[in-house]
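Asks: Just dropping this structure here.
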Amino acid sequence: MLFFRFSTDYNMTRNYKKRPGSKYMIFSNEALKNAVNAYVNGHMSLRKAEQIYRVPKSTIQRATKGKRKKSPGGQVALTSAIESMLVDKLLTCASWGYPMDTLELRLFVKSYLESREMTVKSFKNNLPGIDWAKSFLIRHHAKLSERLVPNIKRARAEVSRHVVNEYFDRLELTLDNVPPGNIVNYDETNLSDNPGEKKSIVRRGCKHPERVQNATKSSFSVMFAGSAEGEILPVYVVYKAEHMWSTWLLNGPPKARYNRTKSGWFDGKTFEDWFFKVAMPYFRNKEGPKALIGDNLQSHLSKDIVTACEENDIRFIFLPKNSTHLTQPLDVAFFAPLKRAWRDILSKWKMSDGRHMTSLPKEWFPGLLRQLISKIEEGGRGAENLQAGFRKTGICPISRQSVLDMLPEETPSNVDSENMSDSLIAFLQHLRHRPTRSGIPIRRRQKINVKAGESVSANDFESELSEDDQHPWEAETDAEMEATKSNSDADSEENLQNTLSIDNENMEPNPDRRFDQITEGTWLLVELATVNRKKKKFVGQVTAVLEDQEMDCSRQFRMKFVKPYRYSFAKACCVWPEQADESDVMLTEILQILRDPVTTRRGLLEFCDIDTGTITL
């Protein structure tokens, strides 16, 4: 029995090949024009023009009368205006970082047709078929194409045109009169021990194709740097180790340097060593102003580096935060071919010398790195990639439009009711940019260095927080706040509120409650507001009474606090922290005056209220 598969999409365009003897003739536009002129001028008949110019007489007749000629085969299901609208919307979604796949395109067409109460008979339930989506992409191949799209974090997507314009406003002044050979971009990357997957020939229908080759998740940190003229500086390798061995330095690239850290990452010391051992020797041979460009990591800046830059006329330039995929020359055009070459070299090594080794040993890495540097410098490809990176990021020559072209238009000019709606732009802008709560952007939490037990407010950190971080507590969603609240019960300082539960739970802070009894050495239970605006209870001892207060109700006391002992079953047991925890407390923040604690055999301090005599859980 034969089975035939019929598609529900009748407007498919296939790449048919005309068979010999086909009734369709092959002719050019010039042949058609000559045939029409010969027939209109009366030089020959339709049949004669058909024989001479090899153009069907029906085609000549239609062209003579000015009738519109339909394309051969089945006609498209949607009008050209609707397809143009679809192309515009697809391009808009892709520019905002939310490109559609073929399934989403088909569902979008179905939703559009149903919203307009239109019915297309060639679509089953108004849903286009897979062949229609493929044919649509073929018809509009000049504007649309299918590609593998990498993911970027939302933090990177939040880089706006305003941020880029401000960056180039300052960059144009900083790089004024700096020659291309004096502009250096640096960035560290990881060379992993995994060559990755590649296409291979296997049996058709094989569900689990495999290739026997050892691979691990380990990697080597390498600092690369290059100038806008295309010169690559010596590489700097950082091993993950406590000590260095001589075999780890042999057979490496020329002038390469090696270091080691406990984590295997670059830290402040290793970056400072790279600056003085690699960057400075390169800049000493250059005349005029210089520029060193890199990401804004805190470990990349120190007092010695800044001093050296000032003494040698080196302008240290930081790129905008979360924008290295747009503004870092090495990221844009250099690292991708570098990683491809590294995977090829690593794969060949694993099939030869390293076929019996579980991972890439450190003594083998310098030799493979030397092969990598030679391969990317072969034929001047490394220099071309570097120059392309500086050109694409708008650094050399200065061109902010090169970066702005990679960002979506905030206010597109071709917005109308048919092709592109304001609601679509607003929706995509809402998806791309971070959400807000009560008009304030929701930001990530940032750790603030505050002594435990010390009450703070946002005004205390205006000088430390940037303008974008004035509301660090707004970063928590409701679910995160609940999770934070539940997780805080396990922390020792958070347990203090539950451990020291007062008998009189409705007691309010009373400024007149025997404040005259509070002297140096008095133990108090106080309630302070933390950074996230939560009030918590702390136990501490008064170390000083601040007597320079005008009113008694505003008196302050300097206190040293203890922390709860989380493993004790006794009531209200605390211990002194290893580091002193001190803060000034207002009289209105005092809840109770405690008796002097009883010291147990294990050195624990047991507290109780001065009135009730006990503190219950």
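In the structure tokens, chains take letters A, B, ... by order of appearance, with residues numbered from 1 within each chain and ligands from 1 in the order shown.
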Which residues in range 23-79 of chain A does DSSP call helix (DSSP H, G or I)? List them as a list in words.

Replies: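 In range 23-79 of chain A, DSSP puts these residues in helix (DSSP H, G or I): Asn29, Glu30, Ala31, Leu32, Lys33, Asn34, Ala35, Val36, Asn37, Ala38, Tyr39, Val40, Leu46, Arg47, Lys48, Ala49, Glu50, Gln51, Ile52, Tyr53, Lys57, Ser58, Thr59, Ile60, Gln61, Arg62, Ala63, Thr64 and Lys65 of chain A.
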
Asks: When you look at range 247-261 of chain A with a cut-off of 6 Å (counting only C-alpha atoms), what residues show up, excluding the ones that are within fewer than 6 positions of it in the same chain? I need them as number ranges by chain.

Replies: A: 234-241, 362-363, 366-367, 370

Asks: Considering only C-alpha atoms, state which residue in the set A:Gln328, A:Asp101, A:Gln213, A:Phe276 is at the smallest distance from Ser352 in chain A.

Replies: A:Gln213

Asks: Just the residues within 7 Å of Ile590 in chain A, please, counting only C-alpha atoms, with nothing from its chain fewer than 2 positions along; format it as a list in words.

Replies: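 Near neighbours after the sequence-gap exclusion: Pro509, Leu524, Leu525, Val526, Glu527, Leu587, Thr588 and Gln592 of chain A.
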